[in-house]
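Following: one structure in structure tokens, then a few remarks.
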Amino acid sequence: MADIIDGKAVAADVRESLSDSITTLKDAGVTPGLATVLMSDDPASETYVSMKQRDCEEVGVDGIHVELDADAPAQELYDTVDELNADEEVHGILVQMPVPDHVDTRRVLRAIDPAKDVDGFHPENVGRLVAGNARFKPCTPHGVQKLLEAYDIETEGAEAVVVGRSDIVGKPMANLLIQKAPIGNATTTVCHSRTQDLEGHLSRADIVIAAAGRPAFITGDMLKEGATVVDVGINRVDAENEKGYELVGDVAYESAKEVAGAITPVPGGVGPMTRAMLLYNTVQAASQQTGIEIDLA
Ligand code: GUN
């Protein structure tokens with residue numbers, strides 16, 4: 001039976017460790033500010049953004065929320081980003097993805113001031129991350145690294161398999177794991193929908209990061225005995241309960257936990273870490289923009 005990796009507890013530790021930095025900033029007259037922008041009717045996106053705003057309130061970060069109609073002209077979103085770039089009280093800007101089809105995602109990401117890009121999605125910040133000189137580590141992969149660190153999972157020399165190649169998780173995750181840096185130095189393979197022999201790769205993996213967005217498709221029989229399994233998937237599947245759905249990871253938890261050495265649950269694994277690292281990046285952004293020094297772990 002695997003150890004259960006408790007993302008809620010580690011996220012609470014991250015928030016706790018941020019509180020000294022937030023106090024330092026406030027004592028110097030600066031309240032870190034995070035703007036979230038939602039241009040979507042997707043209920044999951046609405047939930048994520050409202051949780052992010054709730055987190056801000058809890059730790060004393062100023063939350064500013066802008067909501068645009070999903071069918072508003074794309075220019076409204078670009079203008080909103082420009083206004084937030086110019087607002088000195090806003091240190092971090094997050095535009096919830098995905099944006100509607102009539103909006104050019106790349107243009108939105110390029111429009112955000114890289115210094116305020118707490119997602120780390122601006123091409124300048126992507127380039128810096130790949131070069132090993134990250135300004136902001138994208139929240140989910142950064143959160144995964146914190147979980148691996150908190151549970152003393154050795155990445156150096158480990159065989160890591162990242163399943164999924166998204167810009168938000170898979171690509172930055174693989175880039176972090178190969179870096180010559182703490183919680184890096186892993187021999188890292190990226191698998192995706194065209195991978196020929198996923199099971200062969202998984203059977204050799206000491207660390208599996210599942211981020212393909214396909215419910216429960218990695219099963220216990222595909223895993224190496226004792227592997228660490230980090231499940232980034234949050235899939236809504238129909239269920240006969242009050243909500244009409246339940247959340248399921250990319251990993252079939254019940255079978256995987258019998259084989260894995262350590263595993264993250266869904267919910268309560270990676271999700272809380274993504275949110276905690278957004279606060280972390282916002283506090284870091286406030287420090288960078290104001291020159292007020294803080295001590296972030
Ligand atoms: N949609 C799903 N994950 C994310 C994220 O980390 N940041 C943003 N902006 N949108 C998302």
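Letters A, B, ... go to the chains of the structure tokens in the order shown; residues in each chain start at 1; ligands are counted from 1 in the same order.
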
Hey, which residues come within 7 Å of ligand 1 if we count only C-alpha atoms and all ligand atoms? Could you give them as a PyMOL selection string? chain A and resi 94-98+119+138-140+168+274

Could you write out the selected residues, including N, CA, C and O atoms, as a short mmCIF file (atom, residue, chain, number, x, y, z; two decimals), in the first residue's frame?
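Result saved to part-v7.cif:
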data_model
loop_
_atom_site.label_atom_id
_atom_site.label_comp_id
_atom_site.auth_asym_id
_atom_site.auth_seq_id
_atom_site.Cartn_x
_atom_site.Cartn_y
_atom_site.Cartn_z
N LEU A 94 -3.39 36.74 -13.76
CA LEU A 94 -3.69 35.38 -14.26
C LEU A 94 -4.94 35.44 -15.12
O LEU A 94 -6.00 35.86 -14.64
N VAL A 95 -4.81 35.10 -16.38
CA VAL A 95 -5.98 34.95 -17.25
C VAL A 95 -6.30 33.46 -17.27
O VAL A 95 -5.48 32.65 -17.73
N GLN A 96 -7.46 33.10 -16.76
CA GLN A 96 -7.80 31.67 -16.68
C GLN A 96 -7.91 31.07 -18.08
O GLN A 96 -8.58 31.61 -18.95
N MET A 97 -7.24 29.95 -18.26
CA MET A 97 -7.27 29.23 -19.53
C MET A 97 -8.23 28.06 -19.45
O MET A 97 -8.36 27.48 -18.37
N PRO A 98 -8.88 27.63 -20.48
CA PRO A 98 -8.76 28.20 -21.83
C PRO A 98 -9.65 29.42 -22.00
O PRO A 98 -10.67 29.56 -21.33
N ASP A 119 1.72 33.03 -13.87
CA ASP A 119 1.57 31.68 -14.43
C ASP A 119 2.87 31.19 -15.06
O ASP A 119 3.05 29.98 -15.25
N PRO A 138 5.92 27.78 -13.44
CA PRO A 138 4.48 27.57 -13.56
C PRO A 138 3.94 26.79 -12.35
O PRO A 138 4.60 25.90 -11.82
N CYS A 139 2.73 27.20 -11.91
CA CYS A 139 2.26 26.80 -10.58
C CYS A 139 2.13 25.29 -10.39
O CYS A 139 2.51 24.77 -9.34
N THR A 140 1.58 24.59 -11.37
CA THR A 140 1.36 23.16 -11.15
C THR A 140 2.68 22.38 -11.09
O THR A 140 2.92 21.65 -10.12
N ILE A 168 0.94 24.04 -20.10
CA ILE A 168 0.69 24.42 -18.71
C ILE A 168 1.37 23.45 -17.74
O ILE A 168 1.85 23.85 -16.69
N THR A 274 -1.17 23.70 -6.64
CA THR A 274 -1.21 24.68 -7.73
C THR A 274 -1.64 26.03 -7.17
O THR A 274 -1.04 27.08 -7.47
#

For Val130 in chain A, find every residue with an atom within 8 Å (counting only C-alpha atoms), except residues of its own chain fewer than 6 positions away, and show them as a VMD selection string. chain A and resid 172 175 to 176

Output the selection as a PDB file, in the first residue's frame - C-alpha atoms for each residue.
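So part-v6.pdb came out as:
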ATOM      1  CA  PRO A 172       7.357  22.851 -17.987  1.00  0.00           C
ATOM      2  CA  ASN A 175      11.919  20.981 -18.192  1.00  0.00           C
ATOM      3  CA  LEU A 176      12.114  21.309 -14.427  1.00  0.00           C
TER       4      LEU A 176
END

Shell around Gln179 in chain A at 10 Å using only C-alpha atoms, local window under 3 positions removed, as a PyMOL selection string: chain A and resi 129-132+156+174-176+182-187

Please give the complete set of residues from range 126-290 of chain A that DSSP, run on the backbone, assigns to strand (DSSP E), formatted as a PyMOL selection string. chain A and resi 159-163+187-191+207-210+228-231+235-238+245-248+262-263

Separation of CA of Glu89 in chain A and CA of Gly33 in chain A, in Å?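 Those two atoms sit 5.9 Å apart.
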
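Between Ile93 in chain A and the candidates A:Ala70, A:Leu34, A:Ala239, A:Ile234, the tightest atom-to-atom separation, counting only C-alpha atoms, involves A:Leu34.
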
Find the residues around range 80-88 of chain A up to 7 Å (only C-alpha atoms counted), leave out those fewer than 2 positions away in its own chain, and share them as a PyMOL selection string. chain A and resi 76-78+90+111-113

Suppose we keep all heavy atoms; can you now write the selection as a compact mmCIF listing (two decimals), in the first residue's frame?
# COMPACT_ATOMS: atom_id res chain seq x y z
N GLU A 76 -11.64 43.33 -25.73
CA GLU A 76 -11.92 43.65 -24.32
C GLU A 76 -10.93 42.96 -23.39
O GLU A 76 -10.51 43.51 -22.37
CB GLU A 76 -13.35 43.21 -23.95
CG GLU A 76 -14.38 44.25 -24.30
CD GLU A 76 -15.74 43.94 -23.67
OE1 GLU A 76 -15.79 43.34 -22.57
OE2 GLU A 76 -16.75 44.29 -24.31
N LEU A 77 -10.57 41.75 -23.75
CA LEU A 77 -9.61 41.01 -22.92
C LEU A 77 -8.22 41.64 -23.03
O LEU A 77 -7.54 41.85 -22.02
CB LEU A 77 -9.59 39.54 -23.32
CG LEU A 77 -8.65 38.63 -22.53
CD1 LEU A 77 -8.88 38.73 -21.01
CD2 LEU A 77 -8.80 37.18 -22.96
N TYR A 78 -7.82 41.98 -24.27
CA TYR A 78 -6.50 42.60 -24.43
C TYR A 78 -6.45 43.93 -23.67
O TYR A 78 -5.44 44.25 -23.03
CB TYR A 78 -6.18 42.84 -25.93
CG TYR A 78 -6.38 41.62 -26.82
CD1 TYR A 78 -6.93 41.76 -28.10
CD2 TYR A 78 -6.01 40.35 -26.40
CE1 TYR A 78 -7.11 40.66 -28.93
CE2 TYR A 78 -6.21 39.24 -27.22
CZ TYR A 78 -6.76 39.40 -28.48
OH TYR A 78 -6.95 38.31 -29.29
N VAL A 90 -1.41 45.94 -8.74
CA VAL A 90 -1.50 44.57 -9.23
C VAL A 90 -0.08 44.07 -9.52
O VAL A 90 0.62 44.61 -10.37
CB VAL A 90 -2.34 44.51 -10.53
CG1 VAL A 90 -2.25 43.13 -11.18
CG2 VAL A 90 -3.80 44.86 -10.23
N ALA A 111 0.61 39.55 -24.11
CA ALA A 111 0.19 40.89 -23.67
C ALA A 111 0.49 41.11 -22.18
O ALA A 111 0.67 42.25 -21.74
CB ALA A 111 -1.30 41.08 -23.93
N ILE A 112 0.54 40.04 -21.42
CA ILE A 112 0.78 40.18 -19.97
C ILE A 112 2.23 40.60 -19.74
O ILE A 112 3.15 40.02 -20.30
CB ILE A 112 0.47 38.85 -19.25
CG1 ILE A 112 -1.02 38.49 -19.42
CG2 ILE A 112 0.84 38.92 -17.77
CD1 ILE A 112 -1.39 37.10 -18.92
N ASP A 113 2.40 41.64 -18.92
CA ASP A 113 3.74 42.07 -18.55
C ASP A 113 4.49 40.87 -17.95
O ASP A 113 4.04 40.29 -16.96
CB ASP A 113 3.62 43.20 -17.52
CG ASP A 113 4.96 43.72 -17.03
OD1 ASP A 113 5.99 43.07 -17.28
OD2 ASP A 113 4.95 44.78 -16.37

Residues within 12 Å of Val10 in chain A, please, as number ranges by chain. Count only C-alpha atoms; anything in the same chain fewer than 2 positions from it doesn't count. A: 5-8, 12-17, 143-151, 264, 268-277

DSSP on the backbone, then: every residue of range 96-195 of chain A marked helix (DSSP H, G or I), written as a PyMOL selection string. chain A and resi 105-111+114-116+123-130+139-150+170-178

Store the residues picked out above in a file with C-alpha atoms, as an mmCIF file, in the first residue's frame.
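Here's the written file again_2.cif:
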data_model
loop_
_atom_site.group_PDB
_atom_site.id
_atom_site.type_symbol
_atom_site.label_atom_id
_atom_site.label_comp_id
_atom_site.auth_asym_id
_atom_site.auth_seq_id
_atom_site.Cartn_x
_atom_site.Cartn_y
_atom_site.Cartn_z
ATOM 1 C CA THR A 105 -4.395 32.679 -26.697
ATOM 2 C CA ARG A 106 -0.835 33.494 -27.746
ATOM 3 C CA ARG A 107 -1.653 37.171 -28.050
ATOM 4 C CA VAL A 108 -3.146 37.204 -24.546
ATOM 5 C CA LEU A 109 -0.110 35.498 -23.063
ATOM 6 C CA ARG A 110 2.246 37.909 -24.841
ATOM 7 C CA ALA A 111 0.192 40.888 -23.667
ATOM 8 C CA PRO A 114 6.341 39.282 -18.021
ATOM 9 C CA ALA A 115 7.109 40.730 -14.575
ATOM 10 C CA LYS A 116 3.462 40.128 -13.588
ATOM 11 C CA PRO A 123 7.256 33.373 -24.025
ATOM 12 C CA GLU A 124 9.992 35.326 -22.245
ATOM 13 C CA ASN A 125 9.300 33.427 -19.044
ATOM 14 C CA VAL A 126 9.046 30.092 -20.861
ATOM 15 C CA GLY A 127 12.453 30.817 -22.387
ATOM 16 C CA ARG A 128 13.924 31.697 -19.024
ATOM 17 C CA LEU A 129 12.578 28.505 -17.487
ATOM 18 C CA VAL A 130 14.044 26.355 -20.263
ATOM 19 C CA CYS A 139 2.257 26.802 -10.582
ATOM 20 C CA THR A 140 1.362 23.157 -11.155
ATOM 21 C CA PRO A 141 4.843 21.822 -11.980
ATOM 22 C CA HIS A 142 6.292 23.952 -9.181
ATOM 23 C CA GLY A 143 3.711 22.479 -6.812
ATOM 24 C CA VAL A 144 4.634 18.962 -7.920
ATOM 25 C CA GLN A 145 8.286 19.713 -7.160
ATOM 26 C CA LYS A 146 7.308 20.922 -3.674
ATOM 27 C CA LEU A 147 5.382 17.691 -3.075
ATOM 28 C CA LEU A 148 8.343 15.562 -4.165
ATOM 29 C CA GLU A 149 10.588 17.610 -1.887
ATOM 30 C CA ALA A 150 8.202 17.396 1.072
ATOM 31 C CA GLY A 170 3.724 18.578 -19.279
ATOM 32 C CA LYS A 171 6.335 20.734 -20.998
ATOM 33 C CA PRO A 172 7.357 22.851 -17.987
ATOM 34 C CA MET A 173 7.269 19.783 -15.717
ATOM 35 C CA ALA A 174 9.714 17.908 -17.943
ATOM 36 C CA ASN A 175 11.919 20.981 -18.192
ATOM 37 C CA LEU A 176 12.114 21.309 -14.427
ATOM 38 C CA LEU A 177 12.837 17.629 -13.878
ATOM 39 C CA ILE A 178 15.830 17.634 -16.251
#

Residues within 8 Å of Ile292 in chain A, only C-alpha atoms, excluding chain neighbours under 4 positions, as a PyMOL selection string: chain A and resi 25+28+287-288
